[in-house]
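Worksheet: the structure to be examined is printed underneath.
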Amino acid sequence: MPRNKMVPVILCLMLFFGNLSGLETVQADNGSVSITATSLNVRSGPGLSYSVTGSVKKGEKFPIIKEDGDWLYLRLSDSQYGWVAQWFTSREAVKPIVSQDPAANLGSVTVDGLRVRKGPGTNYEVIGYFANGQTIEILHSKGDWAEVRTSALQGWVSIEYIDSKKKEPTTQSKKPAESNGTVTATSLNVREKPSLNASKVGQLNSGAVVPVHSQSNGWAEITYGGKKAWVSADYLKISGTPSSGSGSPAPADQFTGTVTASNLNVRNQNSLNGSVISSISKGQTFKILEEKNEWLKIEYQPGKAGWAASWFFDIKKDGSSVVSSKPITNSTVSMLHNGTNIRKGPSTETPVVLRADQGDSFQIVSVENDWYKITLANGQTGFVAGWIVSVQGNAPKIEKPGAEKHTKNKTVVIDPGHGGRDNGTTGLRGSLEKTLTLKTAQLLYEKLRAAGTNVILTRNNDQYISLGSRVSTSHYHNADAFISLHYDSINDRTVRGMTTYYYHGKQKPLGEQIHSSVVSKTMLKNRGTRVGDYHVIRENSQAAVLLELGYLSNPAEEMLVNTQQYQEAVTNGIFEGLARYFKNK
């Protein structure tokens with residue numbers, strides 16, 4: 001996350017909300033909500049980086065249109081809509097639509113392991129599963145989804161996998177399909193047309209059985225949600241004889257992707273949270289095994305597969321380009337530094353057309369290699385390097401190429417502060433410093449380890465470790481860098497931000513690099529890099545720093561540092577700061 005400016009906006013929220021003890025978590029279902037904060041900002045999108053378009057007051061009630069993570073899209077009036085943070089709302093009960101005849105609302109599950117979600121869509125969290133043949137009560141439907149319940153579980157499932165006992169009258173009988181297909185991929189995209197460019201209308205899980213009407217050029221025509229749709233035939237095990245088409249699935253290697261980014265990470269899952277397992281370079285071409293949520297599963301080495309962002313591939317089928325451009329909507333970039341160069345083309349060799357300052361924001365038009373094409377104030381376009389900006393919206397996040405090579409084979413000791421009988425500080429909402437430091441340390445450990453770094457944790461569980469033992473670990477392993485992680489506290493609840501401490505002069509460069517990188521990633525208030533008389537850095541003969549990563553005594557900052565988005569941002573910042581330090585040594 002933190003590719004967006006979280007903290008300044010959260011501070012604004014804090015000024016409005018005097019009573020944080022009444023926060024409630026909203027469950028993801030239909031209905032309406034009441035506002036619990038004194039005054040709550042309404043935003044143009046589902047995130048703190050989006051602009052404020054208005055405000056609502058405590059006690060006001062609004063119907064929910066849709067949800068996105070921790071954000072609710074509300075209908076404020078007949079013509080006004082906006083997004084609010086669910087933390088400051090209270091869910092109103094929803095009255096299910098149930099027939100007077102209970103039997104008319106019963107159905108049975110037609111597949112084993114049917115996922116039950118919090119809301120009507122695959123973007124909602126999975127809260128449970130139903131077994132094949134299980135009887136369920138159907139409350140009501142929304143599009144291709146139905147809200148159902150049993151005595152133990154209530155949630156949303158795909159209508160595709162429910163056999164309802166209440167049948168709608170039909171005007172004509174349907175001709176049975178001549179063949180069926182069983183999904184062999186973990187998750188298979190269903191599209192409107194037989195093309196990777198076509199819009200997705202849903203997904204099928206492994207083992208799902210669908211009627212296949214025809215096959216053509218590696219695609220299979222199926223019925224999905226009562227309508228005709230298309231899936232890749234490579235991931236269907238088809239029985240029987242197709243009614244028309246090629247008669248056999250297209251070979252699995254018909255789709256290939258050529259890397260367009262200068263350096264692209266391959267991960268063990270289709271997410272930026274996945275561990276980096278390899279790196280590929282511009283111009284390399286790979287066989288595409290699967291496509292899921294803008295990620296491609298490729299065979300990066302013979303017999304080895306991993307995931308890489310599809311935005312950075314030129315996808316071809318039998319030599320013909322499938323995706324020629326990647327337009328982006330509703331996304332912006334913000335400058336992280338004063339004097340950032342905006343260039344005429346996606347290369348440092350092209351002329352500079354504008355120099356932007358920190359905080360300047362521009363609309364993203366498209367992505368080209370490692371560069372964002374943006375719209376300038378005069379209506380013209382320019383290009384900015386993707387690794388020196390933060391991104392708001394759904395645009396792909398471009399990682400700084402080659403950072404891993406600077407930390408590879410280095411020895412880094414990570415020291416999660418406190419532990420065991422030593423809780424450290426305690427936040428206003430009960431957050432324990434010892435728990436947060438361990439959470440941050442474990443995530444940073446995984447990122448560095450995936451990059452080939454030799455990483456040692458001074459503690460990997462909730463145990464007390466003496467200060468002398470922590471320093472001894474640094475000396476014993478001859479650490480190239482020692483990083484002690486902490487969260488701060490003070491009586492003044494308005495104080496916030498990050499401070500980095502060093503003791504010996506040779507430790508200062510490490511502190512400066514990590515500090516600037518973390519501040520740019522998290523947008524925390526910059527409290528500076530300074531000398532600190534702390535045992536773990538004073539008695540440490542290695543390059544050692546102590547990081548205070550936010551104030552648990554500040555209500556808004558305590559809420560912020562507990563989020564997964566912040567933890568991702570702060571560990572990415574430490575990782576990049578280490579890479580810069582080792583690069584400059």
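As shown in the structure tokens, the chain order sets the letters A, B, ...; within each chain, residues go from 1, and ligands are also counted from 1 in the order they appear.
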Checklist entry - Could you pull the residues within 12 Å of Lys61 (chain A), counting only C-alpha atoms, minus those fewer than 5 positions along the same chain, as a list in words? => result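 So the residues in contact are Gly31, Ser32, Val33, Ser34, Ile35, Thr36, Val56, Leu74, Arg75, Leu76, Ser77, Thr89, Ser90, Arg91 and Glu92 of chain A.
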Those residues you just picked out, can you put them in a file as an mmCIF file, in the first residue's frame with C-alpha atoms?
data_model
loop_
_atom_site.group_PDB
_atom_site.id
_atom_site.type_symbol
_atom_site.label_atom_id
_atom_site.label_comp_id
_atom_site.auth_asym_id
_atom_site.auth_seq_id
_atom_site.Cartn_x
_atom_site.Cartn_y
_atom_site.Cartn_z
ATOM 1 C CA GLY A 31 -28.661 -2.893 3.899
ATOM 2 C CA SER A 32 -27.879 0.525 5.288
ATOM 3 C CA VAL A 33 -25.570 2.088 7.859
ATOM 4 C CA SER A 34 -25.696 4.785 10.507
ATOM 5 C CA ILE A 35 -22.781 7.195 10.894
ATOM 6 C CA THR A 36 -21.107 6.866 14.335
ATOM 7 C CA VAL A 56 -21.927 13.264 6.724
ATOM 8 C CA LEU A 74 -23.356 5.009 -0.082
ATOM 9 C CA ARG A 75 -26.304 6.697 -1.725
ATOM 10 C CA LEU A 76 -26.368 10.079 -0.005
ATOM 11 C CA SER A 77 -29.347 11.449 -1.964
ATOM 12 C CA THR A 89 -20.447 3.335 10.650
ATOM 13 C CA SER A 90 -22.881 0.928 12.277
ATOM 14 C CA ARG A 91 -24.731 -1.668 10.221
ATOM 15 C CA GLU A 92 -28.516 -1.581 10.121
#
Next on the checklist: Env of Thr500 (chain A): 9 Å cut, atoms = only C-alpha atoms, seq-sep filter 6 positions within chain, self excluded. Answer as number ranges by chain.
Outcome noted: A: 511-512, 514-515, 527-532, 545-549
I need the residues from that last selection saved to file as a short mmCIF file (atom, residue, chain, number, x, y, z; two decimals), in the first residue's frame (with C-alpha atoms), if you can.
data_model
loop_
_atom_site.label_atom_id
_atom_site.label_comp_id
_atom_site.auth_asym_id
_atom_site.auth_seq_id
_atom_site.Cartn_x
_atom_site.Cartn_y
_atom_site.Cartn_z
CA GLY A 511 19.83 5.37 9.25
CA GLU A 512 19.45 8.11 6.64
CA ILE A 514 16.23 3.64 5.63
CA HIS A 515 14.55 6.70 7.14
CA ARG A 527 10.72 13.48 12.63
CA GLY A 528 14.28 13.10 11.38
CA THR A 529 17.37 10.96 11.82
CA ARG A 530 19.22 11.73 15.05
CA VAL A 531 21.64 10.43 17.68
CA GLY A 532 20.05 8.23 20.34
CA VAL A 545 19.88 1.72 13.75
CA LEU A 546 16.76 1.91 15.90
CA LEU A 547 13.49 2.80 14.15
CA GLU A 548 10.43 4.30 15.87
CA LEU A 549 7.73 3.53 13.30
#
Checklist entry - Near region 358-369 of chain A, counting only C-alpha atoms, which residues have an atom at most 7 Å away, once you skip same-chain residues fewer than 2 positions from it, shown as a PyMOL selection string? => result chain A and resi 260-261+312+326-328+331-338+346+356+371-376
Item to check | Shortest interatomic distance to Tyr445 (chain A) - which of A:Ser553, A:Gln513, A:Ser275, A:Asn540, counting only C-alpha atoms | outcome: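 Closest to Tyr445 (chain A) of all the choices is A:Ser275.
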Item to check | Near-region 156-159 of chain A list (9 Å; only C-alpha atoms; drop same-chain fewer than 3 positions) as JSON, numbers by chain | outcome: {"A": [29, 114, 115, 116, 117, 118, 119, 120, 121, 141, 143, 144, 145, 146, 147, 148, 149, 162, 163, 164, 225]}
Got time to write the residues from that selection, N, CA and C atoms, as a short mmCIF file (atom, residue, chain, number, x, y, z; two decimals), in the first residue's frame?
data_model
loop_
_atom_site.label_atom_id
_atom_site.label_comp_id
_atom_site.auth_asym_id
_atom_site.auth_seq_id
_atom_site.Cartn_x
_atom_site.Cartn_y
_atom_site.Cartn_z
N ASP A 29 -22.69 -7.06 4.00
CA ASP A 29 -23.93 -7.56 3.43
C ASP A 29 -24.73 -6.36 2.99
N LEU A 114 -18.39 -25.42 -2.01
CA LEU A 114 -18.89 -24.15 -2.54
C LEU A 114 -18.53 -23.02 -1.57
N ARG A 115 -17.83 -22.00 -2.08
CA ARG A 115 -17.38 -20.90 -1.24
C ARG A 115 -18.54 -19.99 -0.85
N VAL A 116 -18.60 -19.66 0.43
CA VAL A 116 -19.59 -18.72 0.96
C VAL A 116 -18.86 -17.42 1.27
N ARG A 117 -19.35 -16.31 0.72
CA ARG A 117 -18.66 -15.03 0.85
C ARG A 117 -19.49 -14.02 1.64
N LYS A 118 -18.80 -12.97 2.10
CA LYS A 118 -19.47 -11.92 2.87
C LYS A 118 -20.43 -11.08 2.02
N GLY A 119 -20.19 -11.02 0.73
CA GLY A 119 -21.02 -10.19 -0.14
C GLY A 119 -21.15 -10.81 -1.52
N PRO A 120 -21.94 -10.19 -2.40
CA PRO A 120 -22.24 -10.75 -3.72
C PRO A 120 -21.15 -10.47 -4.75
N GLY A 121 -20.04 -11.14 -4.66
CA GLY A 121 -18.95 -10.96 -5.63
C GLY A 121 -17.70 -11.68 -5.17
N SER A 141 -31.74 -12.79 -4.09
CA SER A 141 -30.65 -12.82 -5.06
C SER A 141 -30.29 -11.42 -5.50
N GLY A 143 -28.11 -10.16 -8.95
CA GLY A 143 -27.33 -10.54 -10.13
C GLY A 143 -27.13 -12.04 -10.18
N ASP A 144 -25.91 -12.47 -10.29
CA ASP A 144 -25.58 -13.89 -10.36
C ASP A 144 -25.29 -14.48 -8.98
N TRP A 145 -25.68 -13.75 -7.92
CA TRP A 145 -25.38 -14.20 -6.56
C TRP A 145 -26.65 -14.31 -5.73
N ALA A 146 -26.65 -15.23 -4.77
CA ALA A 146 -27.79 -15.42 -3.88
C ALA A 146 -27.31 -15.39 -2.43
N GLU A 147 -28.10 -14.70 -1.58
CA GLU A 147 -27.79 -14.75 -0.16
C GLU A 147 -28.54 -15.95 0.42
N VAL A 148 -27.84 -16.83 1.10
CA VAL A 148 -28.41 -18.07 1.60
C VAL A 148 -28.00 -18.26 3.06
N ARG A 149 -28.65 -19.22 3.72
CA ARG A 149 -28.27 -19.50 5.09
C ARG A 149 -28.63 -20.93 5.47
N ILE A 162 -26.37 -23.60 -7.33
CA ILE A 162 -27.52 -23.88 -6.49
C ILE A 162 -28.63 -24.48 -7.35
N ASP A 163 -29.20 -25.59 -6.90
CA ASP A 163 -30.38 -26.18 -7.53
C ASP A 163 -31.58 -25.78 -6.70
N SER A 164 -32.31 -24.74 -7.17
CA SER A 164 -33.44 -24.22 -6.42
C SER A 164 -34.66 -25.08 -6.65
N GLY A 225 -24.27 -18.59 -15.71
CA GLY A 225 -25.30 -17.69 -15.21
C GLY A 225 -26.47 -17.57 -16.15
#
Next on the checklist: Report as an MDAnalysis selection string all protein, DNA and RNA residues lying within 9 Å of region 452-461 of chain A, evaluated on only C-alpha atoms, omitting residues in the same chain fewer than 4 positions from it.
Outcome noted: chainID A and resid 404:405 407:417 419:420 438 441:442 445:448 465 469:470 473:474 477
Item to check | Straight-line distance linking CA of Gln542 (chain A) with CA of Ala479 (chain A), stated in Å to one decimal | outcome: 6.4 Å
Checklist entry - Which of these, A:Tyr50, A:Tyr81, A:Trp307, A:Phe313, has the shortest distance to Val276 (chain A) once you count only C-alpha atoms? => result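 Closest residue, counting only C-alpha atoms: A:Trp307.
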Checklist entry - How many Å lie between CA of Leu106 (chain A) and CA of Ala152 (chain A), rounded to one decimal? => result 15.5 Å
Item to check | d(CA of Val471 (chain A), CA of Ser541 (chain A)) in Å | outcome: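 Distance reported for this atom pair: 8.7 Å.
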Checklist entry - In region 449-488 of chain A, what's strand (DSSP E) per DSSP? Answer as a list in words? => result Asn454, Val455, Ile456, Leu457, Ala481, Phe482, Ile483, Ser484, Leu485, His486, Tyr487 and Asp488 of chain A
Checklist entry - Which polymer residues have any atom within 12 Å of an atom of region 429-433 of chain A, counting only C-alpha atoms, with same-chain residues fewer than 3 positions away left out, as a PyMOL selection string? => result chain A and resi 19-23+416-426+436-440+462+485-489+548-563
Next on the checklist: Run DSSP on the backbone and tell me which residues of region 347-476 of chain A come out as helix (DSSP H, G or I); list them as a VMD selection string.
Outcome noted: chain A and resid 386 to 388 404 to 407 433 to 450 467 to 476
Checklist entry - Asp533 (chain A): which residues within 9 Å, counting only C-alpha atoms, same-chain residues fewer than 5 positions away excluded, as a PyMOL selection string? => result chain A and resi 501-503+538
Take the residues just selected and output them with N, CA and C atoms as an mmCIF file, in the first residue's frame.
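Heads up, here's the output in out-v5.cif:
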data_model
loop_
_atom_site.group_PDB
_atom_site.id
_atom_site.type_symbol
_atom_site.label_atom_id
_atom_site.label_comp_id
_atom_site.auth_asym_id
_atom_site.auth_seq_id
_atom_site.Cartn_x
_atom_site.Cartn_y
_atom_site.Cartn_z
ATOM 1 N N TYR A 501 17.114 6.486 14.865
ATOM 2 C CA TYR A 501 18.231 6.788 15.759
ATOM 3 C C TYR A 501 19.484 5.986 15.383
ATOM 4 N N TYR A 502 20.634 6.619 15.536
ATOM 5 C CA TYR A 502 21.933 5.958 15.432
ATOM 6 C C TYR A 502 22.785 6.499 16.579
ATOM 7 N N TYR A 503 23.886 5.837 16.888
ATOM 8 C CA TYR A 503 24.757 6.325 17.961
ATOM 9 C C TYR A 503 26.153 6.674 17.450
ATOM 10 N N ARG A 538 24.233 1.708 20.842
ATOM 11 C CA ARG A 538 25.437 2.247 21.487
ATOM 12 C C ARG A 538 26.513 1.175 21.645
#
